[in-house]
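my_file.csv (CSV, C-alpha atoms)
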chain,number,residue,atom,x,y,z
G,1,MET,CA,-14.3,55.3,-67.6
G,2,PRO,CA,-14.6,51.7,-66.4
G,3,LEU,CA,-11.5,49.5,-66.4
G,4,ILE,CA,-11.4,46.6,-68.9
G,5,TYR,CA,-9.1,43.9,-67.6
G,6,ASP,CA,-8.1,42.7,-71.1
G,7,SER,CA,-7.2,46.2,-72.3
G,8,ALA,CA,-3.7,47.3,-72.9
G,9,PRO,CA,-1.8,47.4,-70.6
G,10,PRO,CA,-3.6,44.3,-69.2
G,11,LEU,CA,-4.4,44.4,-65.5
G,12,ARG,CA,-4.0,41.1,-63.6
G,13,MET,CA,-5.7,40.0,-60.5
G,14,ASP,CA,-2.4,38.6,-59.2
G,15,GLN,CA,-0.7,42.0,-59.1
G,16,GLY,CA,-1.7,42.3,-55.4
G,17,LEU,CA,-4.7,44.7,-56.0
G,18,ARG,CA,-7.7,44.2,-53.8
G,19,TYR,CA,-10.7,45.9,-55.2
G,20,ASP,CA,-13.2,45.2,-52.4
G,21,SER,CA,-11.1,46.3,-49.4
G,22,GLY,CA,-9.3,49.3,-48.0
G,23,PRO,CA,-5.6,49.6,-47.2
G,24,ALA,CA,-4.2,46.8,-45.0
G,25,PRO,CA,-3.3,47.8,-41.4
G,26,SER,CA,0.3,48.5,-40.7
G,27,PRO,CA,2.2,45.6,-39.1
G,28,ASN,CA,3.4,47.9,-36.4
G,29,GLN,CA,0.0,49.2,-35.4
G,30,PRO,CA,-0.7,48.3,-31.7
G,31,LYS,CA,-3.6,46.0,-30.9
G,32,LEU,CA,-6.6,47.5,-29.2
G,33,ARG,CA,-7.0,46.3,-25.6
G,34,ASN,CA,-10.3,45.3,-24.1
G,35,LYS,CA,-11.9,48.5,-22.8
G,36,ASN,CA,-13.6,46.5,-20.0
G,37,MET,CA,-10.4,45.1,-18.6
G,38,THR,CA,-9.9,46.2,-14.9
G,39,LYS,CA,-6.7,47.9,-14.0
G,40,PHE,CA,-6.7,46.2,-10.6
G,41,LYS,CA,-5.0,42.9,-10.2
G,42,LEU,CA,-7.2,41.5,-7.4
G,43,GLU,CA,-6.9,37.7,-8.1
G,44,LEU,CA,-9.2,37.0,-5.2
G,45,ASP,CA,-9.7,33.4,-6.3
G,46,ARG,CA,-6.0,32.8,-5.7
G,47,LYS,CA,-5.9,34.4,-2.3
G,48,LYS,CA,-6.3,32.7,1.1
G,49,THR,CA,-8.6,34.2,3.7
G,50,ASN,CA,-5.7,35.8,5.7
G,51,ASP,CA,-4.4,37.4,2.5
G,52,LYS,CA,-7.9,38.8,1.7
G,53,LEU,CA,-8.0,40.3,5.3
G,54,VAL,CA,-4.6,41.9,4.7
G,55,LEU,CA,-5.8,43.4,1.4
G,56,GLY,CA,-9.0,44.7,2.9
G,57,ALA,CA,-7.2,46.3,5.8
G,58,ALA,CA,-4.8,48.0,3.4
G,59,HIS,CA,-7.6,49.3,1.3
G,60,ILE,CA,-9.6,50.7,4.3
G,61,ALA,CA,-6.5,52.4,5.5
G,62,ALA,CA,-5.7,53.8,2.1
G,63,MET,CA,-9.2,55.2,1.6
G,64,ASN,CA,-9.1,57.1,4.9
G,65,GLY,CA,-9.0,60.8,3.8
G,66,ASN,CA,-8.4,59.8,0.2
G,67,ALA,CA,-9.6,63.0,-1.8
G,68,ASN,CA,-9.6,61.1,-5.1
G,69,TYR,CA,-12.7,59.3,-4.0
G,70,PRO,CA,-15.2,61.4,-2.1
G,71,VAL,CA,-16.9,59.5,0.7
G,72,ALA,CA,-20.4,60.3,-0.6
G,73,THR,CA,-19.6,58.6,-4.0
G,74,ARG,CA,-18.1,55.4,-2.7
G,75,VAL,CA,-19.9,52.2,-3.6
G,76,PRO,CA,-20.2,50.1,-1.6
G,77,THR,CA,-20.1,52.5,1.3
G,78,ASP,CA,-17.3,52.6,3.8
G,79,ALA,CA,-19.6,51.1,6.4
G,80,GLN,CA,-20.5,48.2,4.1
G,81,VAL,CA,-16.8,47.5,3.3
G,82,GLN,CA,-15.9,47.7,7.0
G,83,THR,CA,-18.8,45.3,7.9
G,84,ALA,CA,-17.6,42.8,5.3
G,85,GLN,CA,-14.0,43.1,6.7
G,86,ASN,CA,-15.2,42.6,10.3
G,87,ASP,CA,-17.5,39.6,9.4
G,88,LEU,CA,-14.7,37.8,7.6
G,89,SER,CA,-12.2,38.5,10.3
G,90,THR,CA,-14.6,37.1,13.0
G,91,ALA,CA,-15.4,34.0,10.9
G,92,GLU,CA,-11.7,33.3,10.3
G,93,ALA,CA,-11.0,33.7,14.0
G,94,GLU,CA,-13.8,31.3,14.9
G,95,VAL,CA,-12.3,28.7,12.4
G,96,ASP,CA,-8.9,29.1,14.0
G,97,ALA,CA,-10.3,28.6,17.5
G,98,ALA,CA,-12.3,25.6,16.4
G,99,GLU,CA,-9.2,24.0,14.7
G,100,ILE,CA,-7.2,24.5,17.9
G,101,ALA,CA,-9.9,23.0,20.0
G,102,TRP,CA,-10.2,20.1,17.5
G,103,LYS,CA,-6.5,19.3,17.8
G,104,GLN,CA,-6.7,19.4,21.6
G,105,LYS,CA,-9.6,17.0,21.5
G,106,ILE,CA,-7.6,14.6,19.2
G,107,GLN,CA,-4.7,14.7,21.6
G,108,GLU,CA,-7.1,13.9,24.5
G,109,ARG,CA,-8.7,11.1,22.6
G,110,ASP,CA,-5.3,9.6,21.8
G,111,ALA,CA,-4.2,9.7,25.4
G,112,ALA,CA,-7.5,8.1,26.5
G,113,GLU,CA,-7.1,5.4,23.9
G,114,ALA,CA,-3.5,4.6,25.1
G,115,ALA,CA,-4.7,4.3,28.7
G,116,TRP,CA,-7.6,2.0,27.5
G,117,ASP,CA,-5.1,-0.2,25.7
G,118,THR,CA,-3.0,-0.6,28.8
G,119,VAL,CA,-6.0,-1.4,31.0
G,120,ILE,CA,-7.5,-4.0,28.6
G,121,THR,CA,-4.2,-5.7,28.0
G,122,ALA,CA,-3.7,-6.0,31.8
G,123,ARG,CA,-7.2,-7.4,32.2
G,124,ALA,CA,-6.7,-10.0,29.5
G,125,GLY,CA,-3.4,-11.0,31.1
G,126,ASN,CA,-5.0,-11.4,34.4
G,127,CYS,CA,-7.8,-13.6,33.0
G,128,GLU,CA,-5.3,-15.8,31.3
G,129,SER,CA,-3.2,-16.2,34.4
G,130,VAL,CA,-6.3,-17.3,36.4
G,131,THR,CA,-7.6,-19.9,33.9
G,132,PRO,CA,-4.6,-20.8,31.6
G,133,ASN,CA,-5.5,-23.1,28.7
G,134,ASN,CA,-9.1,-23.2,29.8
G,135,LEU,CA,-10.7,-22.2,26.5
G,136,PRO,CA,-14.4,-22.2,27.6
G,137,ALA,CA,-13.5,-19.9,30.6
G,138,LEU,CA,-11.4,-17.6,28.4
G,139,ALA,CA,-14.1,-17.4,25.8
G,140,SER,CA,-16.6,-16.3,28.5
G,141,THR,CA,-14.5,-13.1,29.0
G,142,GLY,CA,-15.7,-11.5,25.8
G,143,PHE,CA,-12.2,-11.2,24.4
G,144,PRO,CA,-11.5,-12.9,21.1
G,145,LEU,CA,-9.4,-16.0,21.2
G,146,ARG,CA,-6.5,-16.8,18.8
G,147,ASN,CA,-7.3,-19.5,16.2
G,148,GLY,CA,-5.4,-22.6,17.3
G,149,GLY,CA,-5.7,-24.2,13.9
G,150,SER,CA,-7.1,-27.6,13.2
G,151,PRO,CA,-5.1,-30.6,14.5
G,152,ILE,CA,-3.2,-32.5,11.9
G,153,GLY,CA,-4.4,-36.1,11.4
G,154,PRO,CA,-2.4,-39.1,10.1
G,155,LEU,CA,0.3,-38.0,7.7
G,156,PRO,CA,0.4,-39.0,4.1
G,157,ALA,CA,3.3,-41.0,2.6
G,158,PRO,CA,6.3,-39.0,1.6
G,159,GLY,CA,6.4,-38.6,-2.2
G,160,ASP,CA,9.2,-38.9,-4.7
G,161,LEU,CA,11.7,-40.9,-2.7
G,162,ARG,CA,15.0,-40.7,-4.6
G,163,THR,CA,18.3,-42.6,-3.9
G,164,SER,CA,21.8,-42.3,-5.3
G,165,PRO,CA,25.1,-44.0,-4.4
G,166,SER,CA,27.4,-41.8,-2.3
G,167,ALA,CA,31.0,-41.1,-3.1
G,168,ASN,CA,31.9,-43.0,0.0
G,169,THR,CA,31.9,-46.8,0.1
G,170,GLY,CA,28.8,-48.4,1.8
G,171,GLU,CA,26.7,-45.2,1.8
G,172,ILE,CA,23.5,-44.3,-0.1
G,173,GLU,CA,22.0,-40.8,-0.2
G,174,LEU,CA,18.2,-40.5,0.1
G,175,LYS,CA,15.8,-37.6,-0.2
G,176,CYS,CA,12.0,-37.2,-0.5
G,177,ASN,CA,9.4,-34.5,-0.7
G,178,ALA,CA,8.7,-32.8,2.7
G,179,VAL,CA,5.5,-33.8,4.4
G,180,LYS,CA,3.4,-31.0,5.9
G,181,GLY,CA,2.9,-31.5,9.6
G,182,ALA,CA,5.9,-33.9,10.0
G,183,SER,CA,8.2,-33.0,12.8
G,184,SER,CA,10.6,-35.9,11.9
G,185,TYR,CA,11.2,-38.7,9.5
G,186,GLU,CA,11.8,-42.4,10.1
G,187,TRP,CA,14.1,-44.2,7.5
G,188,GLN,CA,14.4,-48.0,7.0
G,189,CYS,CA,16.2,-50.3,4.7
G,190,ARG,CA,16.5,-54.1,3.9
G,191,LEU,CA,18.3,-56.3,1.5
G,192,HIS,CA,16.2,-56.3,-1.6
G,193,ASP,CA,16.9,-59.9,-2.9
G,194,SER,CA,16.6,-61.7,0.4
G,195,ALA,CA,13.2,-63.3,1.2
G,196,GLY,CA,11.9,-62.8,4.7
G,197,VAL,CA,14.4,-60.1,5.7
G,198,THR,CA,12.7,-57.5,7.9
G,199,TRP,CA,13.0,-53.8,7.6
G,200,GLU,CA,15.6,-52.2,9.8
G,201,GLY,CA,15.5,-48.5,10.9
G,202,PHE,CA,18.8,-46.8,10.2
G,203,LYS,CA,18.0,-43.2,11.0
G,204,THR,CA,15.4,-40.7,12.4
G,205,SER,CA,15.9,-37.2,11.1
G,206,THR,CA,14.2,-33.8,11.1
G,207,SER,CA,15.2,-33.3,7.5
G,208,SER,CA,13.8,-35.0,4.4
G,209,ARG,CA,17.3,-35.7,3.2
G,210,VAL,CA,19.7,-38.3,4.8
G,211,THR,CA,22.6,-40.6,4.1
G,212,ALA,CA,22.4,-44.3,4.9
G,213,THR,CA,25.9,-45.5,6.2
G,214,GLY,CA,27.5,-48.9,7.1
G,215,LEU,CA,25.9,-50.8,4.2
G,216,THR,CA,27.5,-53.8,2.5
G,217,PRO,CA,29.3,-52.7,-0.6
G,218,GLY,CA,27.8,-54.1,-3.8
G,219,ALA,CA,24.5,-55.2,-2.0
G,220,LEU,CA,21.2,-54.2,-3.4
G,221,TYR,CA,19.0,-52.4,-0.9
G,222,ALA,CA,15.3,-51.4,-0.7
G,223,LEU,CA,14.7,-48.2,1.2
G,224,ARG,CA,11.6,-46.4,2.5
G,225,VAL,CA,10.6,-43.4,4.7
G,226,ARG,CA,7.6,-42.1,6.6
G,227,GLY,CA,6.8,-38.9,8.4
G,228,ILE,CA,6.0,-38.6,12.1
G,229,GLY,CA,3.7,-35.8,13.4
G,230,SER,CA,1.5,-34.9,16.4
G,231,ALA,CA,-0.9,-37.7,15.6
G,232,GLY,CA,1.8,-40.3,15.3
G,233,SER,CA,3.6,-42.0,12.4
G,234,GLY,CA,2.3,-41.6,8.9
G,235,THR,CA,2.2,-44.0,5.9
G,236,TRP,CA,5.3,-45.5,4.5
G,237,SER,CA,6.5,-44.3,1.1
G,238,ASP,CA,7.0,-46.4,-1.9
G,239,GLU,CA,10.2,-48.4,-1.9
G,240,ALA,CA,13.3,-47.2,-3.7
G,241,VAL,CA,16.0,-49.7,-4.8
G,242,GLN,CA,19.7,-48.8,-4.9
G,243,ARG,CA,23.0,-50.7,-4.8
G,244,ALA,CA,25.5,-49.6,-2.2
G,245,PRO,CA,28.8,-48.5,-3.7
How does the structure come out when it is put into structure tokens?
Amino acid sequence: MPLIYDSAPPLRMDQGLRYDSGPAPSPNQPKLRNKNMTKFKLELDRKKTNDKLVLGAAHIAAMNGNANYPVATRVPTDAQVQTAQNDLSTAEAEVDAAEIAWKQKIQERDAAEAAWDTVITARAGNCESVTPNNLPALASTGFPLRNGGSPIGPLPAPGDLRTSPSANTGEIELKCNAVKGASSYEWQCRLHDSAGVTWEGFKTSTSSRVTATGLTPGALYALRVRGIGSAGSGTWSDEAVQRAP
């Protein structure tokens, strides 16, 4: 007699009944393993060549007289396995020999290069001792010459001349921006309010910062500076005015 779902007692679909399936598998039932999975753990893609040769030798030795596997049924044949073992062993030995020879050649090359460096350095020294500072002659040797750089021309005027009264009486401190190519600086001063008074040098320095000393306290001075390089004196800076303390 067919079941009627609204008959008494009523049957509900949420009572856990599954009408289109068999019994669920037991949670403790073991999972089926892949029948094609090999029992051997070869992992050949992880082995180095020497490891493979050790494995091959162990297998060949283990198969010698092994009654579990008759010789006639072995695939590949023992001869084929032995040939593969021998070929790999020979190839690996040749690689080892080539690597040793390569390292020896590298050492020979390095020694020859060190000897070459010594000879060429000595020859360059000899040429320079025969014609020192004779650039055309030195260039004719085929050796590259050092770049001597372009000679520096007239120097520009020092920029941003700044003055300030010193803590000492009759002294004024001065500083300016350094001038590229200047080996020294020439500093001058004069009374600012006196007509016809000439400039007087009060110091030559290698620094772009100096102190003018021996000035008249309370007097107003004009001061200036210029750089001196290989091409001679440069342009004077703008004047700076400062009263001596």
*asked:* Given all atoms listed in the file as the basis, pick out the residue of G:Ile172, G:Val81, G:Ala72, G:Ala101 nearest to Leu53 (chain G).
replied: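 Of G:Ile172, G:Val81, G:Ala72, G:Ala101, the one nearest Leu53 (chain G), counting all atoms listed in the file, is G:Val81.
CA of Val210 (chain G) is found 6.0 Å from CA of Glu173 (chain G).
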*Skip Val225 (chain G) itself and residues of its chain fewer than 5 positions away, then list as a list in words all residues within 7 Å of it, counting all atoms listed in the file.*
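Once the nearby chain positions are removed, what remains is Pro158, Tyr185, Glu186, Trp187, Gln188, Trp236 and Ser237 of chain G.
We find CA of Lys203 (chain G) and CA of Glu171 (chain G) to be spaced 12.8 Å apart.
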*Atomic distance CA of Ala182 (chain G) - CA of Gly227 (chain G), expressed in Å with one decimal*: 5.3 Å
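Closest approach to Ala91 (chain G) among G:Ala79, G:Arg226, G:Asn50, G:Glu128 is made by G:Asn50 (distances from only C-alpha atoms).
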_Residue with smallest distance to Lys52 (chain G) - pool G:Thr163, G:Glu92, G:Val75, G:Ala212, counting only C-alpha atoms_ = G:Glu92
